[in-house]
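Undergrad: What follows is a structure written as structure tokens; I'll ask about it next.
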Amino acid sequence: MTSRSAVLARSDTTTARSVDGQPDTGTADLVYFSSVSGNTHRFVQKLGRPALRIPIHPDREPPLRVTRPYVLVVPSYGGGDGRGSVPPQVVRFLNDPHNRSLIRGVIGAGNTNFGEAYCRAGDVVARKCGVPHLYRFEVFGTADDVRVVAEGLDQFWTQQ
Amino acid sequence: MVESLKLLDRVQAINWNRIADDKDVEVWNRLVNNFWLPEKVPLSNDVQSWSTLTPHEQQLTMRVFTGLTLLDTIQGTVGAVSLIPDALTPHEEAVYTNIAFMESVHAKSYSSIFSTLCSTREIDEAFRWSVENPNLQKKAAIVMEYYQGDSPLKRKVASTLLESFLFYSGFYLPMYWSSRAKLTNTADLVRLIIRDEAVHGYYIGYKFQRGMELISQAERDDIKDYTFSLLYELYDNEVQYTRDLYDSVGLTEDVKKFLHYNANKALMNLGFEAMFPKQVTDVNPAILSALSPNADENHDFFSGSGSSYVIGKAVSTEDEDWDF
């Protein structure tokens, strides 16, 4: 438990800025977007690994630029006809060709009650970037989701 | 029945150009984009399929839909409206008016299904049943009581449990018929309702969590205890109601898994951890895939069961925001 909380504390610091005001992107192999509702943030925190959060307010915060390969966690909020299922902040992040070149997989978040739109943002990103949609979870995930994804990511990176 | 629903004392002209909480705009837009009416769904294509159900199956289906109609009526005329005086922003008030209206659309859409598929006598009989079934009436009474209480946060708890839990004993049946290629247009309509309720539960749960941040730890503990005791009370009643409906067709245990699965998500919408363990939330895969084509385990790459995982299937992405 001790080592886990130590790692958790470390992941807490990833949304903070280093001294020069830029995010410390050195060790994180997980990038995520979470709106102010914070469900995806909560899931990522439970994984206990360094992670970088895509800024919610691009006009007020510096853009995120990654420095190593990563898996993206992206929520879908349900509905519509397929347009606008990827949060605009995530579109902006992936429009940077450098960021896009380092994506290796996607994990989707959502709610099966959204029907066909369940985790559609993950489907869209997977298709556009040509990477696998590795896993889907609902709301902020159950303990089982956290276990499967934590172990799955460890294994995924050893195979890369 | 309703003694005195509180009204706002003062109202200022709402300014959508000055936003305190982005979530209000985001959810408003989502709800508007999701707007639909039952007239757009070709329900009459289900007439043939309806005639393949036994009289007992038809009666069960009608009873389920009158039960759902009652909940939608409550949520449209009392539930969503009761949240308005507690709103923290004028835009939150506007979102509740949207939610209230859509609940009335949902309630009316069941009548569209009835008038397409059933006789007036059958419809009247089903509505009579909904008035006389004690467990359905108790469910309505429990929720109505909390809507009239004096705690804004408790009202949000009751509302979220209604939106994200209480509907699901009913929603199960059209998903079941759909999984057997029956009443598929009716199922399409119900899926639109389910999608709306999911956004409603998410939003009200979100506002609940914002409200929880403004009170003391002792008050938070009290609200949490209250949430779980209300859930237990509703759950016990829901199991009885499920038996009333589904024992005769042998589906009660299957429906209960669906209840547990959705109760967990109702709790999560409120920010609490899921309560029912995996062993009792393993919803019939046919029901899950009737709900969402993406919900099956073939998409689970990490568990090893997903050897057939796909690198993006055909989804429409016409967004002009993309640079690539």
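Naming works like this for the structure tokens: A, B, ... for the chains as they're shown, residue 1 at the start of each chain, ligands 1 onward in shown order.
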What's around stretch 135-147 of chain A at 10 Å? Count only C-alpha atoms, leave out sequence neighbours fewer than 2 positions away in its own chain, and write the answer as a VMD selection string.

TA: (chain A and resid 38 to 48 73 to 77 105 to 113 118 to 119 122 132 to 133 149 to 152) or (chain B and resid 202 264 to 266 268 to 269 271 to 275 277 to 278 294 to 303 306 309)

Undergrad: For B:Lys224, find every residue with an atom within 10 Å (counting only C-alpha atoms), except residues of its own chain fewer than 2 positions away, and show them as a list in words.

TA: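 Surrounding residues, per the criterion: Lys154, Val157, Met212, Ala218, Glu219, Arg220, Asp221, Asp222, Tyr226, Thr227, Phe228, Ser229, Leu230, Leu270 and Phe272 of chain B.
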
Undergrad: Could you write out the selected residues, including N, CA and C atoms, as an mmCIF file, in the first residue's frame?

TA:
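Result went into out-v3.cif, see below:
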data_model
loop_
_atom_site.group_PDB
_atom_site.id
_atom_site.type_symbol
_atom_site.label_atom_id
_atom_site.label_comp_id
_atom_site.auth_asym_id
_atom_site.auth_seq_id
_atom_site.Cartn_x
_atom_site.Cartn_y
_atom_site.Cartn_z
ATOM 1 N N LYS B 154 -30.418 16.544 -0.984
ATOM 2 C CA LYS B 154 -31.208 15.304 -0.924
ATOM 3 C C LYS B 154 -32.165 15.204 -2.110
ATOM 4 N N VAL B 157 -30.146 13.880 -4.877
ATOM 5 C CA VAL B 157 -29.926 12.435 -4.717
ATOM 6 C C VAL B 157 -31.146 11.675 -5.228
ATOM 7 N N MET B 212 -21.799 19.363 -2.730
ATOM 8 C CA MET B 212 -21.140 18.667 -1.610
ATOM 9 C C MET B 212 -19.838 19.353 -1.218
ATOM 10 N N ALA B 218 -19.011 16.782 8.212
ATOM 11 C CA ALA B 218 -20.098 16.129 8.957
ATOM 12 C C ALA B 218 -21.378 16.112 8.122
ATOM 13 N N GLU B 219 -21.641 17.223 7.450
ATOM 14 C CA GLU B 219 -22.835 17.272 6.593
ATOM 15 C C GLU B 219 -22.692 16.318 5.406
ATOM 16 N N ARG B 220 -21.477 16.246 4.877
ATOM 17 C CA ARG B 220 -21.248 15.318 3.757
ATOM 18 C C ARG B 220 -21.493 13.879 4.182
ATOM 19 N N ASP B 221 -21.011 13.543 5.384
ATOM 20 C CA ASP B 221 -21.219 12.177 5.889
ATOM 21 C C ASP B 221 -22.705 11.889 6.018
ATOM 22 N N ASP B 222 -23.439 12.882 6.499
ATOM 23 C CA ASP B 222 -24.882 12.726 6.675
ATOM 24 C C ASP B 222 -25.575 12.474 5.329
ATOM 25 N N TYR B 226 -27.541 9.153 4.042
ATOM 26 C CA TYR B 226 -28.888 9.309 3.511
ATOM 27 C C TYR B 226 -29.004 8.667 2.122
ATOM 28 N N THR B 227 -27.986 8.908 1.272
ATOM 29 C CA THR B 227 -28.019 8.368 -0.091
ATOM 30 C C THR B 227 -28.130 6.854 -0.073
ATOM 31 N N PHE B 228 -27.288 6.235 0.775
ATOM 32 C CA PHE B 228 -27.293 4.780 0.789
ATOM 33 C C PHE B 228 -28.581 4.234 1.398
ATOM 34 N N SER B 229 -29.113 4.903 2.432
ATOM 35 C CA SER B 229 -30.356 4.368 2.998
ATOM 36 C C SER B 229 -31.522 4.548 2.030
ATOM 37 N N LEU B 230 -31.527 5.646 1.285
ATOM 38 C CA LEU B 230 -32.583 5.804 0.276
ATOM 39 C C LEU B 230 -32.429 4.747 -0.818
ATOM 40 N N LEU B 270 -23.285 10.249 -8.659
ATOM 41 C CA LEU B 270 -23.276 11.089 -7.464
ATOM 42 C C LEU B 270 -21.872 11.205 -6.854
ATOM 43 N N PHE B 272 -20.074 8.611 -5.698
ATOM 44 C CA PHE B 272 -19.775 7.531 -4.748
ATOM 45 C C PHE B 272 -19.286 6.298 -5.495
#

Undergrad: For each of A:Tyr70, A:Tyr32, A:Phe93, A:Phe114, take the minimum atom-to-atom distance to chain B, counting only C-alpha atoms, then give the residue where this is smallest.

TA: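 Looking only at the distances to chain B, the closest residue turns out to be A:Phe114.
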
Undergrad: Find the spatial neighbours of B:Thr184, counting only C-alpha atoms, within a cut-off of 9 Å - ignore same-chain residues fewer than 2 positions away - and output them as a list in words.

TA: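 Those residues are Leu43, Asn45, Asp46, Ser49, Pro174, Met175, Trp177, Ser178, Ser179, Arg180, Ala181, Lys182, Thr186, Ala187, Asp188 and Leu189 of chain B.
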
Undergrad: For atom CA of B:Ile84 and atom CA of B:Leu231, determine how far apart the two atoms are, in Å to one decimal place.

TA: 23.2 Å

Undergrad: Please determine, counting only C-alpha atoms, which residue among B:Thr242, B:Thr66, B:Asn98, B:Ser82 has the shortest atom-to-atom distance to B:Glu125.

TA: B:Thr66

Undergrad: Find the residue from B:Thr116, B:Asn15, B:Asn29, B:Thr73 that sits nearest to B:Ser44; use only C-alpha atoms when measuring.

TA: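 Closest to B:Ser44 of all the choices is B:Thr116.
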
Undergrad: Could you list, as an NGL selection string, every residue within 10 Å of A:Trp157, counting only C-alpha atoms and ignoring same-chain residues fewer than 4 positions away?

TA: :A and (29 or 69-71 or 104 or 152-153)

Undergrad: Can you list, as a PyMOL selection string, every residue of stretch 2-164 of chain B that DSSP puts in alpha helix (DSSP H)?

TA: chain B and resi 22-33+47-50+55-74+80-82+90-117+120-132+134-147+152-161

Undergrad: Write out as a ChimeraX atom specification the residues lying within 10 Å of stretch 57-63 of chain B, counting only C-alpha atoms and excluding same-chain residues fewer than 2 positions away.

TA: /B:50-55,65-69,110,113-114,117-118,122-123,125-130,133,170,173-174,177,244-246,248-249

Undergrad: Rounded to one decimal, what separation in Å do you get between atom CA of A:Leu134 and atom CA of A:Leu72?

TA: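 A separation of 9.9 Å between them.
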
Undergrad: Just how far from atom CA of B:Val280 is atom CA of B:His260, in Å to one decimal?

TA: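 Atom CA of B:His260 sits 6.8 Å away from atom CA of B:Val280.
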
Undergrad: Excluding B:Ile19 and any residue of its chain fewer than 3 positions from it, enumerate the residues within 12 Å of it, using only C-alpha atoms, and give them as a ChimeraX atom specification.

TA: /B:14-16,22-26,88-92

Undergrad: Could those residues be written to a file, using C-alpha atoms, as a short mmCIF file (atom, residue, chain, number, x, y, z; two decimals), in the first residue's frame?

TA:
data_model
loop_
_atom_site.label_atom_id
_atom_site.label_comp_id
_atom_site.auth_asym_id
_atom_site.auth_seq_id
_atom_site.Cartn_x
_atom_site.Cartn_y
_atom_site.Cartn_z
CA ILE B 14 -30.45 35.23 -18.06
CA ASN B 15 -27.25 36.22 -19.81
CA TRP B 16 -25.80 33.35 -21.85
CA ASP B 22 -19.09 25.70 -18.53
CA LYS B 23 -20.90 22.45 -17.75
CA ASP B 24 -24.24 24.27 -18.00
CA VAL B 25 -23.57 25.30 -21.60
CA GLU B 26 -22.04 21.97 -22.52
CA LEU B 88 -26.52 27.86 -8.32
CA THR B 89 -26.56 29.58 -11.72
CA PRO B 90 -29.35 30.90 -13.99
CA HIS B 91 -28.09 28.56 -16.72
CA GLU B 92 -28.56 25.61 -14.41
#

Undergrad: Which one of B:Leu153, B:Leu70, B:Leu136, B:Val32 sits closest to chain A if you count only C-alpha atoms?

TA: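 Smallest distance to chain A is found for B:Val32.
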